[in-house]
>>> print(open('final02.txt').read())   # compact mmCIF, C-alpha atoms
# COMPACT_ATOMS: atom_id res chain seq x y z
CA MET A 1 0.00 0.00 0.00
CA ARG A 2 1.04 3.62 -0.49
CA LEU A 3 1.64 6.15 2.29
CA ALA A 4 -1.89 7.60 1.91
CA GLU A 5 -3.50 4.20 2.46
CA LEU A 6 -1.23 3.44 5.43
CA SER A 7 -2.36 6.76 6.90
CA GLY A 8 -6.03 6.05 6.19
CA ARG A 9 -5.95 2.56 7.69
CA SER A 10 -4.01 3.57 10.81
CA GLY A 11 -5.62 6.95 11.44
CA VAL A 12 -2.11 8.45 11.73
CA SER A 13 -1.36 11.50 9.55
CA THR A 14 1.16 11.16 6.69
CA ALA A 15 3.32 13.87 8.31
CA THR A 16 3.51 11.83 11.54
CA ILE A 17 4.28 8.62 9.64
CA LYS A 18 7.12 10.40 7.81
CA TYR A 19 8.44 11.59 11.16
CA TYR A 20 8.36 8.02 12.57
CA LEU A 21 10.20 6.81 9.43
CA ARG A 22 12.91 9.47 9.85
CA GLU A 23 13.28 8.57 13.55
CA GLY A 24 13.69 4.87 12.76
CA LEU A 25 10.49 3.85 14.57
CA LEU A 26 9.19 2.31 11.34
CA PRO A 27 11.30 0.33 8.86
CA PRO A 28 11.57 2.08 5.44
CA GLY A 29 9.08 1.03 2.76
CA ARG A 30 10.06 -0.69 -0.49
CA ARG A 31 11.14 2.04 -2.91
CA ILE A 32 8.96 2.07 -6.10
CA THR A 33 9.84 5.37 -7.76
CA ALA A 34 12.13 8.22 -6.71
CA THR A 35 9.34 9.71 -4.59
CA GLN A 36 7.10 6.75 -3.71
CA SER A 37 7.42 3.69 -1.49
CA GLU A 38 5.26 0.66 -0.87
CA TYR A 39 4.25 -0.40 2.65
CA ASP A 40 2.80 -3.69 3.89
CA GLU A 41 0.80 -5.17 6.78
CA GLU A 42 3.91 -5.29 8.92
CA HIS A 43 4.27 -1.51 8.66
CA LEU A 44 0.65 -1.10 9.70
CA ARG A 45 1.15 -3.38 12.71
CA ARG A 46 4.36 -1.61 13.76
CA LEU A 47 2.68 1.76 13.32
CA ARG A 48 -0.12 0.68 15.68
CA LEU A 49 2.41 -0.35 18.32
CA VAL A 50 4.36 2.93 18.00
CA ARG A 51 1.10 4.87 18.23
CA ALA A 52 0.05 2.95 21.35
CA LEU A 53 3.40 3.62 23.01
CA ILE A 54 3.59 7.32 22.19
CA GLN A 55 -0.05 8.38 22.39
CA ILE A 56 -1.39 6.20 25.21
CA GLY A 57 1.78 5.20 27.05
CA ARG A 58 3.17 8.75 26.70
CA VAL A 59 6.54 7.12 26.05
CA PRO A 60 9.33 9.41 24.68
CA VAL A 61 10.35 8.75 21.05
CA SER A 62 13.79 7.47 22.14
CA THR A 63 12.16 4.93 24.49
CA ALA A 64 9.72 3.84 21.78
CA ARG A 65 12.76 3.21 19.56
CA ASP A 66 14.29 0.94 22.26
CA VAL A 67 11.02 -0.97 22.66
CA VAL A 68 10.68 -1.47 18.90
CA ALA A 69 14.32 -2.59 18.63
CA ALA A 70 13.71 -5.21 21.35
CA VAL A 71 10.55 -6.45 19.61
CA GLU A 72 12.46 -6.73 16.30
CA ASP A 73 15.51 -8.57 17.64
CA ASP A 74 15.20 -11.93 15.83
CA SER A 75 18.35 -13.25 17.49
CA ARG A 76 16.44 -13.79 20.74
CA ASP A 77 13.43 -15.85 21.76
CA GLN A 78 9.96 -14.47 22.25
CA LEU A 79 10.09 -14.28 26.06
CA SER A 80 13.40 -12.43 26.17
CA ARG A 81 12.26 -9.95 23.51
CA LEU A 82 9.06 -9.29 25.45
CA ALA A 83 10.97 -8.87 28.72
CA THR A 84 13.39 -6.33 27.20
CA ALA A 85 10.56 -4.40 25.53
CA VAL A 86 8.56 -4.17 28.77
CA GLU A 87 11.69 -3.22 30.73
CA ALA A 88 12.17 -0.29 28.34
CA LEU A 89 8.68 1.07 29.12
CA PRO A 90 8.64 3.94 31.61
CA HIS A 91 8.57 3.09 35.29
CA ILE A 92 8.36 5.21 38.39
CA PRO A 93 11.93 6.13 39.38
CA GLY A 94 13.27 4.06 42.26
CA THR A 95 14.14 5.72 45.53
CA GLU A 96 17.31 5.91 47.56
CA ARG A 97 18.17 3.17 50.02
CA ASP A 98 16.59 3.94 53.41
CA PRO A 99 14.87 1.93 56.18
CA ALA A 100 11.44 2.25 54.50
CA THR A 101 12.87 0.87 51.25
CA ASP A 102 14.54 -2.06 53.00
CA LEU A 103 11.29 -2.90 54.79
CA ALA A 104 9.37 -2.52 51.51
CA ARG A 105 11.76 -4.86 49.74
CA ARG A 106 11.15 -7.51 52.39
CA THR A 107 7.38 -7.02 52.12
CA ALA A 108 7.49 -7.25 48.30
CA THR A 109 9.61 -10.41 48.42
CA GLU A 110 7.30 -11.96 51.00
CA LEU A 111 4.32 -11.11 48.76
CA LEU A 112 5.87 -12.83 45.71
CA GLU A 113 6.75 -15.86 47.83
CA HIS A 114 3.21 -16.00 49.19
CA VAL A 115 1.61 -16.03 45.72
CA GLY A 116 4.30 -18.41 44.40
CA TRP A 117 5.73 -16.17 41.66
CA ARG A 118 9.03 -18.00 41.31
CA PHE A 119 9.94 -16.29 38.05
CA GLY A 120 9.27 -12.88 39.64
CA LEU A 121 11.55 -13.80 42.55
CA ALA A 122 14.26 -14.92 40.13
CA ILE A 123 14.19 -11.59 38.24
CA ALA A 124 13.52 -9.41 41.32
CA GLY A 125 17.17 -8.28 41.47
CA HIS A 126 16.99 -6.49 38.12
CA ALA A 127 13.32 -6.15 37.05
CA ARG A 128 12.15 -2.56 37.04
CA ALA A 129 8.57 -3.62 37.82
CA PHE A 130 9.87 -5.09 41.08
CA GLU A 131 11.74 -1.87 41.87
CA THR A 132 8.56 0.12 41.16
CA LEU A 133 6.63 -2.14 43.52
CA VAL A 134 9.27 -1.65 46.23
CA ALA A 135 9.20 2.15 45.74
CA ALA A 136 5.38 2.21 45.90
CA ILE A 137 5.29 0.14 49.10
CA ALA A 138 8.07 2.29 50.63
CA ALA A 139 6.01 5.43 49.87
CA LEU A 140 2.99 3.88 51.63
CA HIS A 141 5.21 2.98 54.63
CA ARG A 142 6.77 6.44 54.80
CA LEU A 143 3.38 8.13 54.65
CA GLY A 144 1.99 5.84 57.33
CA TYR A 145 -0.65 4.15 55.16
CA PRO A 146 -1.42 0.44 55.50
CA CYS A 147 0.54 -1.83 53.17
CA ASP A 148 1.36 -5.10 54.85
CA LEU A 149 1.10 -8.51 53.20
CA ALA A 150 -2.66 -8.81 53.83
CA ASP A 151 -3.31 -5.37 52.28
CA LEU A 152 -1.24 -6.17 49.19
CA LEU A 153 -2.51 -9.69 48.51
CA PRO A 154 -5.78 -8.65 46.80
CA TYR A 155 -3.73 -6.65 44.24
CA ALA A 156 -1.46 -9.61 43.51
CA HIS A 157 -4.46 -11.93 43.11
CA ALA A 158 -6.19 -9.45 40.78
CA ALA A 159 -2.98 -9.02 38.74
CA ALA A 160 -2.52 -12.79 38.43
CA GLU A 161 -6.09 -13.27 37.16
CA LEU A 162 -5.72 -10.43 34.67
CA ALA A 163 -2.41 -11.82 33.39
CA VAL A 164 -4.12 -15.11 32.50
CA SER A 165 -6.84 -13.42 30.45
CA GLU A 166 -4.27 -11.05 28.89
CA LEU A 167 -2.03 -13.87 27.77
CA ASP A 168 -5.09 -15.67 26.37
CA LEU A 169 -5.76 -12.55 24.31
CA VAL A 170 -2.12 -12.40 23.17
CA GLU A 171 -2.13 -16.04 22.15
CA GLU A 172 -4.99 -15.33 19.75
CA HIS A 173 -2.46 -13.35 17.72
CA GLY A 174 -0.85 -15.41 14.96
CA THR A 175 2.93 -15.41 14.62
CA PRO A 176 5.44 -15.12 17.50
CA ALA A 177 6.52 -11.66 16.25
CA GLU A 178 2.91 -10.51 16.27
CA ARG A 179 2.45 -11.92 19.77
CA VAL A 180 5.38 -9.96 21.22
CA GLU A 181 4.04 -6.78 19.64
CA ALA A 182 0.52 -7.46 20.88
CA ALA A 183 1.77 -8.19 24.40
CA VAL A 184 3.68 -4.89 24.57
CA ALA A 185 0.78 -2.90 23.09
CA LEU A 186 -1.81 -4.50 25.39
CA THR A 187 0.41 -3.89 28.44
CA VAL A 188 0.36 -0.17 27.65
CA LEU A 189 -3.17 0.14 26.26
CA TYR A 190 -4.94 -1.68 29.09
CA GLU A 191 -3.31 0.39 31.85
CA PRO A 192 -5.79 3.29 31.50
CA VAL A 193 -8.65 0.76 31.15
CA LEU A 194 -7.68 -0.82 34.47
CA LEU A 195 -7.07 2.46 36.32
CA SER A 196 -10.28 4.10 35.13
CA LEU A 197 -12.35 1.00 35.96
CA ARG A 198 -10.75 0.95 39.39
CA ARG A 199 -11.85 4.55 39.99
CA LEU A 200 -15.38 3.77 38.79
CA ALA A 201 -15.50 0.67 40.98
CA GLU A 202 -14.33 2.75 43.96
CA ALA A 203 -17.10 5.28 43.28
CA GLU A 204 -19.60 2.43 43.03
CA GLU A 205 -18.47 0.88 46.30
CA SER A 206 -18.25 4.27 48.08
CA ASN A 207 -21.79 5.05 46.98
CA LYS A 208 -22.96 1.66 48.22
CA ARG A 209 -21.42 2.25 51.65
CA PHE A 210 -21.73 6.00 52.22
CA GLY A 211 -24.23 7.28 49.65
CA ASP A 212 -27.99 7.19 49.45
CA GLY A 213 -28.65 6.61 45.80
CA PRO A 214 -29.38 5.83 43.10
CA MET B 1 4.66 20.03 67.53
CA ARG B 2 7.20 22.41 65.96
CA LEU B 3 8.18 22.51 62.29
CA ALA B 4 11.28 20.37 62.92
CA GLU B 5 9.20 17.58 64.48
CA LEU B 6 6.60 17.77 61.70
CA SER B 7 9.49 17.36 59.25
CA GLY B 8 10.99 14.46 61.21
CA ARG B 9 7.71 12.58 61.53
CA SER B 10 6.68 13.05 57.89
CA GLY B 11 10.09 12.66 56.25
CA VAL B 12 9.41 15.91 54.33
CA SER B 13 12.11 18.62 54.55
CA THR B 14 11.31 21.86 56.39
CA ALA B 15 11.96 23.82 53.18
CA THR B 16 9.33 21.75 51.35
CA ILE B 17 6.84 22.10 54.23
CA LYS B 18 7.33 25.90 54.13
CA TYR B 19 6.70 25.81 50.38
CA TYR B 20 3.46 23.83 50.90
CA LEU B 21 2.40 26.36 53.57
CA ARG B 22 3.05 29.30 51.21
CA GLU B 23 1.13 27.54 48.43
CA GLY B 24 -1.88 26.94 50.68
CA LEU B 25 -1.58 23.14 50.53
CA LEU B 26 -1.28 23.02 54.32
CA PRO B 27 -3.29 25.19 56.74
CA PRO B 28 -1.07 27.62 58.74
CA GLY B 29 0.07 26.47 62.18
CA ARG B 30 -0.96 28.17 65.41
CA ARG B 31 1.38 31.14 65.87
CA ILE B 32 3.38 30.89 69.16
CA THR B 33 6.03 33.56 68.79
CA ALA B 34 6.87 35.96 65.96
CA THR B 35 8.95 33.25 64.28
CA GLN B 36 7.50 29.95 65.52
CA SER B 37 4.24 28.08 64.98
CA GLU B 38 2.74 24.95 66.45
CA TYR B 39 1.43 22.11 64.25
CA ASP B 40 -0.82 19.17 65.14
CA GLU B 41 -1.78 15.70 63.96
CA GLU B 42 -4.07 17.16 61.33
CA HIS B 43 -1.11 18.94 59.72
CA LEU B 44 0.79 15.68 59.66
CA ARG B 45 -2.12 13.86 58.04
CA ARG B 46 -2.64 16.59 55.46
CA LEU B 47 1.10 16.65 54.73
CA ARG B 48 1.02 12.89 54.04
CA LEU B 49 -1.84 13.35 51.58
CA VAL B 50 -0.10 16.24 49.79
CA ARG B 51 3.11 14.21 49.61
CA ALA B 52 1.24 11.21 48.15
CA LEU B 53 -0.40 13.39 45.52
CA ILE B 54 2.73 15.25 44.44
CA GLN B 55 5.41 12.60 44.81
CA ILE B 56 3.57 9.42 43.79
CA GLY B 57 0.62 10.80 41.83
CA ARG B 58 2.88 13.34 40.09
CA VAL B 59 0.00 15.79 40.46
CA PRO B 60 0.78 19.49 39.77
CA VAL B 61 0.71 21.76 42.83
CA SER B 62 -2.40 23.59 41.55
CA THR B 63 -4.26 20.26 41.20
CA ALA B 64 -3.16 19.16 44.68
CA ARG B 65 -4.64 22.44 45.97
CA ASP B 66 -8.01 21.59 44.32
CA VAL B 67 -7.96 18.08 45.80
CA VAL B 68 -7.17 19.37 49.29
CA ALA B 69 -9.90 22.03 49.00
CA ALA B 70 -12.44 19.33 48.12
CA VAL B 71 -11.33 17.15 51.04
CA GLU B 72 -11.63 20.14 53.42
CA ASP B 73 -15.07 21.28 52.28
CA ASP B 74 -17.13 20.66 55.42
CA SER B 75 -20.28 21.96 53.77
CA ARG B 76 -20.61 18.72 51.81
CA ASP B 77 -21.00 15.06 52.75
CA GLN B 78 -18.22 12.51 52.66
CA LEU B 79 -19.18 10.92 49.35
CA SER B 80 -19.44 14.20 47.48
CA ARG B 81 -16.10 15.43 48.89
CA LEU B 82 -14.44 12.19 47.84
CA ALA B 83 -15.99 12.35 44.36
CA THR B 84 -14.78 15.94 43.81
CA ALA B 85 -11.29 15.14 45.11
CA VAL B 86 -10.95 12.11 42.84
CA GLU B 87 -12.33 14.06 39.87
CA ALA B 88 -9.56 16.62 40.39
CA LEU B 89 -6.87 13.93 40.08
CA PRO B 90 -5.18 13.83 36.67
CA HIS B 91 -6.83 11.75 33.97
CA ILE B 92 -5.83 10.92 30.44
CA PRO B 93 -7.17 13.69 28.19
CA GLY B 94 -10.34 12.72 26.36
CA THR B 95 -10.38 12.52 22.59
CA GLU B 96 -12.45 14.22 19.96
CA ARG B 97 -15.78 12.80 18.88
CA ASP B 98 -15.24 10.24 16.11
CA PRO B 99 -16.74 6.85 15.17
CA ALA B 100 -14.24 4.96 17.38
CA THR B 101 -15.21 7.12 20.37
CA ASP B 102 -18.93 6.59 19.77
CA LEU B 103 -18.41 2.83 19.55
CA ALA B 104 -16.21 2.94 22.67
CA ARG B 105 -18.89 4.85 24.59
CA ARG B 106 -21.43 2.15 23.72
CA THR B 107 -18.97 -0.59 24.77
CA ALA B 108 -18.18 1.18 28.07
CA THR B 109 -21.88 1.69 28.83
CA GLU B 110 -22.63 -1.94 28.00
CA LEU B 111 -19.78 -2.99 30.33
CA LEU B 112 -21.14 -0.97 33.26
CA GLU B 113 -24.64 -2.34 32.63
CA HIS B 114 -23.28 -5.88 32.50
CA VAL B 115 -21.54 -5.58 35.88
CA GLY B 116 -24.48 -3.68 37.36
CA TRP B 117 -22.68 -0.44 38.26
CA ARG B 118 -25.79 1.73 38.50
CA PHE B 119 -23.97 4.58 40.22
CA GLY B 120 -21.31 4.54 37.49
CA LEU B 121 -24.02 4.72 34.82
CA ALA B 122 -25.68 7.61 36.65
CA ILE B 123 -22.44 9.63 36.73
CA ALA B 124 -21.17 8.48 33.30
CA GLY B 125 -22.18 11.76 31.66
CA HIS B 126 -19.72 13.83 33.69
CA ALA B 127 -17.24 11.46 35.44
CA ARG B 128 -13.72 11.83 34.12
CA ALA B 129 -12.94 8.20 34.94
CA PHE B 130 -15.69 7.21 32.51
CA GLU B 131 -14.28 9.53 29.85
CA THR B 132 -10.83 8.01 30.41
CA LEU B 133 -12.30 4.54 29.99
CA VAL B 134 -14.01 5.61 26.74
CA ALA B 135 -10.77 7.16 25.44
CA ALA B 136 -8.78 4.02 26.32
CA ILE B 137 -11.28 1.73 24.60
CA ALA B 138 -11.38 4.05 21.57
CA ALA B 139 -7.58 3.88 21.31
CA LEU B 140 -7.74 0.06 21.36
CA HIS B 141 -10.46 0.15 18.65
CA ARG B 142 -8.51 2.59 16.47
CA LEU B 143 -5.33 0.55 16.74
CA GLY B 144 -7.18 -2.67 15.89
CA TYR B 145 -6.60 -4.41 19.24
CA PRO B 146 -9.30 -6.55 20.87
CA CYS B 147 -11.53 -4.69 23.36
CA ASP B 148 -15.06 -6.02 23.23
CA LEU B 149 -17.22 -6.71 26.26
CA ALA B 150 -15.68 -10.15 26.90
CA ASP B 151 -12.13 -8.70 26.80
CA LEU B 152 -13.02 -5.89 29.21
CA LEU B 153 -15.02 -7.89 31.75
CA PRO B 154 -12.01 -9.36 33.61
CA TYR B 155 -10.77 -5.80 34.29
CA ALA B 156 -14.14 -4.71 35.65
CA HIS B 157 -14.35 -7.80 37.87
CA ALA B 158 -10.81 -7.22 39.18
CA ALA B 159 -11.58 -3.54 39.83
CA ALA B 160 -14.79 -4.40 41.71
CA GLU B 161 -12.98 -6.89 43.96
CA LEU B 162 -10.19 -4.40 44.66
CA ALA B 163 -12.69 -1.64 45.47
CA VAL B 164 -14.22 -3.81 48.20
CA SER B 165 -10.86 -4.44 49.89
CA GLU B 166 -9.85 -0.80 49.43
CA LEU B 167 -13.00 0.51 51.07
CA ASP B 168 -12.49 -1.97 53.92
CA LEU B 169 -9.05 -0.44 54.39
CA VAL B 170 -10.50 3.08 54.28
CA GLU B 171 -13.17 2.22 56.85
CA GLU B 172 -10.43 1.28 59.31
CA HIS B 173 -9.59 5.00 59.40
CA GLY B 174 -11.35 6.83 62.24
CA THR B 175 -13.26 10.02 61.48
CA PRO B 176 -15.12 10.80 58.24
CA ALA B 177 -12.54 13.54 57.40
CA GLU B 178 -9.72 11.05 57.83
CA ARG B 179 -11.57 8.54 55.67
CA VAL B 180 -11.93 10.94 52.74
CA GLU B 181 -8.22 11.74 52.97
CA ALA B 182 -7.28 8.08 53.21
CA ALA B 183 -9.48 7.19 50.24
CA VAL B 184 -7.84 9.85 48.05
CA ALA B 185 -4.33 8.92 49.18
CA LEU B 186 -4.90 5.19 48.69
CA THR B 187 -6.39 5.79 45.23
CA VAL B 188 -3.14 7.46 44.20
CA LEU B 189 -0.68 5.36 46.20
CA TYR B 190 -2.02 1.97 45.14
CA GLU B 191 -1.93 2.77 41.41
CA PRO B 192 1.81 1.98 41.05
CA VAL B 193 1.33 -1.09 43.29
CA LEU B 194 -1.35 -2.41 40.95
CA LEU B 195 0.48 -1.56 37.72
CA SER B 196 3.81 -3.03 38.84
CA LEU B 197 2.15 -6.21 40.13
CA ARG B 198 0.33 -6.51 36.80
CA ARG B 199 3.67 -6.36 34.95
CA LEU B 200 5.20 -8.94 37.28
CA ALA B 201 2.14 -11.19 36.88
CA GLU B 202 2.42 -10.85 33.09
CA ALA B 203 6.09 -11.85 33.26
CA GLU B 204 5.15 -14.81 35.47
CA GLU B 205 2.41 -15.97 33.09
CA SER B 206 4.57 -15.38 29.97
CA ASN B 207 7.33 -17.44 31.51
CA LYS B 208 4.86 -20.20 32.35
CA ARG B 209 3.60 -20.32 28.75
CA PHE B 210 6.64 -19.48 26.63
CA GLY B 211 9.69 -19.88 28.86
CA ASP B 212 11.61 -22.85 30.09
CA GLY B 213 12.42 -21.93 33.65
CA PRO B 214 12.88 -21.53 36.47
>>> encode(input="final02.txt", output="structure tokens")
Amino acid sequence: MRLAELSGRSGVSTATIKYYLREGLLPPGRRITATQSEYDEEHLRRLRLVRALIQIGRVPVSTARDVVAAVEDDSRDQLSRLATAVEALPHIPGTERDPATDLARRTATELLEHVGWRFGLAIAGHARAFETLVAAIAALHRLGYPCDLADLLPYAHAAAELAVSELDLVEEHGTPAERVEAAVALTVLYEPVLLSLRRLAEAEESNKRFGDGP
Amino acid sequence: MRLAELSGRSGVSTATIKYYLREGLLPPGRRITATQSEYDEEHLRRLRLVRALIQIGRVPVSTARDVVAAVEDDSRDQLSRLATAVEALPHIPGTERDPATDLARRTATELLEHVGWRFGLAIAGHARAFETLVAAIAALHRLGYPCDLADLLPYAHAAAELAVSELDLVEEHGTPAERVEAAVALTVLYEPVLLSLRRLAEAEESNKRFGDGP
């Protein structure tokens, strides 16, 4: 397909697509004439991922480039490509080492042990998601809000159930390359779905307990 | 307590506390001498909330001021104060009206009907969390990723279960004023807990399906 069709099918303007091409976020098309190139389904799929990262994930262009490079790296297996891509996504910055952080690290480790996440425990030393969890628990500790094992368990159970249905969704996608892309895109795209539903559910439950209608 | 003790107990520097006082995020202390004021437990609690909003929620100072004003508004009941405070928290900007948004609004409405969130349906016309949900579903539609009712239901179920345990946690906090503060703080502080646990659960499930260890 030509640039105009790629733009029409993706909903991304031709100017933005040209920018992504210049920045190396999309592989170049197949040159047809001096001024025209041909694009295929793979460009469309990659464009959707880049759009998800930048527009929904609010990921900087340089980070999106790292994520795309990890997804594209054929020298590695699917799991390791996915892990590198997700690691490149933005996380909350970790905090300095202090007593609250040490306590939080113990709580987080205890939580993973309790739910039996052996892979999580194995990667805890270098996974940014684990560091984010530690930082979030440390902030709760420092501010004096409840966050012991019993308080955290419902979140781990909810996350585990969601991961099963998410991976089911990912496995519906055909080839391994498509699956890695879908997994990264769904990680980013379902974050606002989850957070907004959580706020609506909180409103629902607050109304049930404290409100008088409807 | 004096400023130094307020700083020690909250872990927030005296310079930052003075800044919050100047910006109206904290009520002034009771003046003792020309240069010293006395602060109480309410200052400490408010300081924790402000810290949660700004440091973890990455909320701008002006937004934090709106949230605190809503929490403080004694003229209104607990539920309405909580609703206004949560509405003031940052949301993903909504999108323009287009076919994907219209479809997403129907899907979101259908989802709330399916899970029986009557309060959510009643506030859907003006709740920013609902608009965020619509925008997130529209983005999934536009990018060609799955997001029909069956795909979204697990997120709504997870959110409903979490809301119950969150409100249990909130109800452990004494007075109604404290509860509104705790609800706002926990909404913000548990977001990174939930998102990081979701990423760890995804890694766990990916490893189970595609990996070969540990």
>>> closest_residue(input="final02.txt", among="B:Leu167, B:Val68, B:Ala158, B:Val61", to="Arg198 (chain B)", atoms="all atoms listed in the file")
B:Ala158
>>> interface_residues(input="final02.txt", of="chain B", to="chain A", cutoff="7 Å", atoms="all atoms listed in the file", output="JSON, numbers by chain")
{"B": [10, 48, 79, 117, 119, 120, 129, 130, 132, 133, 136, 140, 143, 154, 155, 156, 158, 159, 160, 162, 163, 164, 189, 192, 193, 194, 196, 197, 198, 199, 200, 201, 202, 204, 205, 206, 207, 210, 211, 214]}
>>> residues_around(input="final02.txt", residues="Val59 (chain B)", least_positions_apart="6", cutoff="10 Å", atoms="only C-alpha atoms", output="list of chain:residue names")
B:Val50, B:Arg51, B:Ala52, B:Leu53, B:Arg65, B:Val67, B:Ala88, B:Leu89, B:Pro90, B:Val188
>>> atom_distance(input="final02.txt", atom1="CA of Thr16 (chain A)", atom2="CA of Arg179 (chain A)")
25.2 Å
>>> atom_distance(input="final02.txt", atom1="CA of Arg22 (chain A)", atom2="CA of Asp74 (chain A)")
22.3 Å
>>> build_atoms(input="final02.txt", residues="region 157-180 of chain A", atoms="N, CA and C atoms", output="PDB file, keeping the file's coordinate frame")
ATOM      1  N   HIS A 157      -3.488 -10.970  43.640  1.00  0.00           N
ATOM      2  CA  HIS A 157      -4.460 -11.930  43.110  1.00  0.00           C
ATOM      3  C   HIS A 157      -5.140 -11.352  41.867  1.00  0.00           C
ATOM      4  N   ALA A 158      -5.538 -10.086  41.936  1.00  0.00           N
ATOM      5  CA  ALA A 158      -6.190  -9.450  40.780  1.00  0.00           C
ATOM      6  C   ALA A 158      -5.245  -9.436  39.584  1.00  0.00           C
ATOM      7  N   ALA A 159      -3.973  -9.093  39.828  1.00  0.00           N
ATOM      8  CA  ALA A 159      -2.980  -9.020  38.740  1.00  0.00           C
ATOM      9  C   ALA A 159      -2.781 -10.403  38.108  1.00  0.00           C
ATOM     10  N   ALA A 160      -2.739 -11.438  38.950  1.00  0.00           N
ATOM     11  CA  ALA A 160      -2.520 -12.790  38.430  1.00  0.00           C
ATOM     12  C   ALA A 160      -3.690 -13.222  37.545  1.00  0.00           C
ATOM     13  N   GLU A 161      -4.922 -12.912  37.976  1.00  0.00           N
ATOM     14  CA  GLU A 161      -6.090 -13.270  37.160  1.00  0.00           C
ATOM     15  C   GLU A 161      -6.101 -12.512  35.841  1.00  0.00           C
ATOM     16  N   LEU A 162      -5.749 -11.226  35.903  1.00  0.00           N
ATOM     17  CA  LEU A 162      -5.720 -10.430  34.670  1.00  0.00           C
ATOM     18  C   LEU A 162      -4.657 -10.956  33.710  1.00  0.00           C
ATOM     19  N   ALA A 163      -3.502 -11.341  34.252  1.00  0.00           N
ATOM     20  CA  ALA A 163      -2.410 -11.820  33.390  1.00  0.00           C
ATOM     21  C   ALA A 163      -2.850 -13.045  32.599  1.00  0.00           C
ATOM     22  N   VAL A 164      -3.636 -13.923  33.219  1.00  0.00           N
ATOM     23  CA  VAL A 164      -4.120 -15.110  32.500  1.00  0.00           C
ATOM     24  C   VAL A 164      -4.999 -14.696  31.329  1.00  0.00           C
ATOM     25  N   SER A 165      -5.955 -13.782  31.562  1.00  0.00           N
ATOM     26  CA  SER A 165      -6.840 -13.420  30.450  1.00  0.00           C
ATOM     27  C   SER A 165      -6.081 -12.583  29.408  1.00  0.00           C
ATOM     28  N   GLU A 166      -5.075 -11.813  29.846  1.00  0.00           N
ATOM     29  CA  GLU A 166      -4.270 -11.050  28.890  1.00  0.00           C
ATOM     30  C   GLU A 166      -3.452 -11.955  27.983  1.00  0.00           C
ATOM     31  N   LEU A 167      -2.836 -12.966  28.581  1.00  0.00           N
ATOM     32  CA  LEU A 167      -2.030 -13.870  27.770  1.00  0.00           C
ATOM     33  C   LEU A 167      -2.908 -14.701  26.833  1.00  0.00           C
ATOM     34  N   ASP A 168      -4.141 -15.007  27.264  1.00  0.00           N
ATOM     35  CA  ASP A 168      -5.090 -15.670  26.370  1.00  0.00           C
ATOM     36  C   ASP A 168      -5.334 -14.798  25.140  1.00  0.00           C
ATOM     37  N   LEU A 169      -5.516 -13.513  25.389  1.00  0.00           N
ATOM     38  CA  LEU A 169      -5.760 -12.550  24.310  1.00  0.00           C
ATOM     39  C   LEU A 169      -4.553 -12.497  23.373  1.00  0.00           C
ATOM     40  N   VAL A 170      -3.359 -12.466  23.959  1.00  0.00           N
ATOM     41  CA  VAL A 170      -2.120 -12.400  23.170  1.00  0.00           C
ATOM     42  C   VAL A 170      -1.970 -13.649  22.313  1.00  0.00           C
ATOM     43  N   GLU A 171      -2.326 -14.786  22.891  1.00  0.00           N
ATOM     44  CA  GLU A 171      -2.130 -16.040  22.150  1.00  0.00           C
ATOM     45  C   GLU A 171      -3.071 -16.167  20.966  1.00  0.00           C
ATOM     46  N   GLU A 172      -4.125 -15.343  20.936  1.00  0.00           N
ATOM     47  CA  GLU A 172      -4.990 -15.330  19.750  1.00  0.00           C
ATOM     48  C   GLU A 172      -4.263 -14.725  18.548  1.00  0.00           C
ATOM     49  N   HIS A 173      -3.198 -13.962  18.816  1.00  0.00           N
ATOM     50  CA  HIS A 173      -2.460 -13.350  17.720  1.00  0.00           C
ATOM     51  C   HIS A 173      -1.516 -14.362  17.079  1.00  0.00           C
ATOM     52  N   GLY A 174      -1.551 -14.408  15.740  1.00  0.00           N
ATOM     53  CA  GLY A 174      -0.850 -15.410  14.960  1.00  0.00           C
ATOM     54  C   GLY A 174       0.607 -15.707  15.267  1.00  0.00           C
ATOM     55  N   THR A 175       1.516 -15.046  14.577  1.00  0.00           N
ATOM     56  CA  THR A 175       2.930 -15.410  14.620  1.00  0.00           C
ATOM     57  C   THR A 175       3.582 -14.952  15.923  1.00  0.00           C
ATOM     58  N   PRO A 176       4.728 -15.563  16.298  1.00  0.00           N
ATOM     59  CA  PRO A 176       5.440 -15.120  17.500  1.00  0.00           C
ATOM     60  C   PRO A 176       5.772 -13.628  17.484  1.00  0.00           C
ATOM     61  N   ALA A 177       6.186 -13.096  16.321  1.00  0.00           N
ATOM     62  CA  ALA A 177       6.520 -11.660  16.250  1.00  0.00           C
ATOM     63  C   ALA A 177       5.283 -10.833  16.564  1.00  0.00           C
ATOM     64  N   GLU A 178       4.150 -11.233  16.000  1.00  0.00           N
ATOM     65  CA  GLU A 178       2.910 -10.510  16.270  1.00  0.00           C
ATOM     66  C   GLU A 178       2.535 -10.581  17.741  1.00  0.00           C
ATOM     67  N   ARG A 179       2.808 -11.748  18.365  1.00  0.00           N
ATOM     68  CA  ARG A 179       2.450 -11.920  19.770  1.00  0.00           C
ATOM     69  C   ARG A 179       3.246 -10.995  20.677  1.00  0.00           C
ATOM     70  N   VAL A 180       4.564 -10.853  20.384  1.00  0.00           N
ATOM     71  CA  VAL A 180       5.380  -9.960  21.220  1.00  0.00           C
ATOM     72  C   VAL A 180       4.861  -8.537  21.086  1.00  0.00           C
TER      73      VAL A 180
END
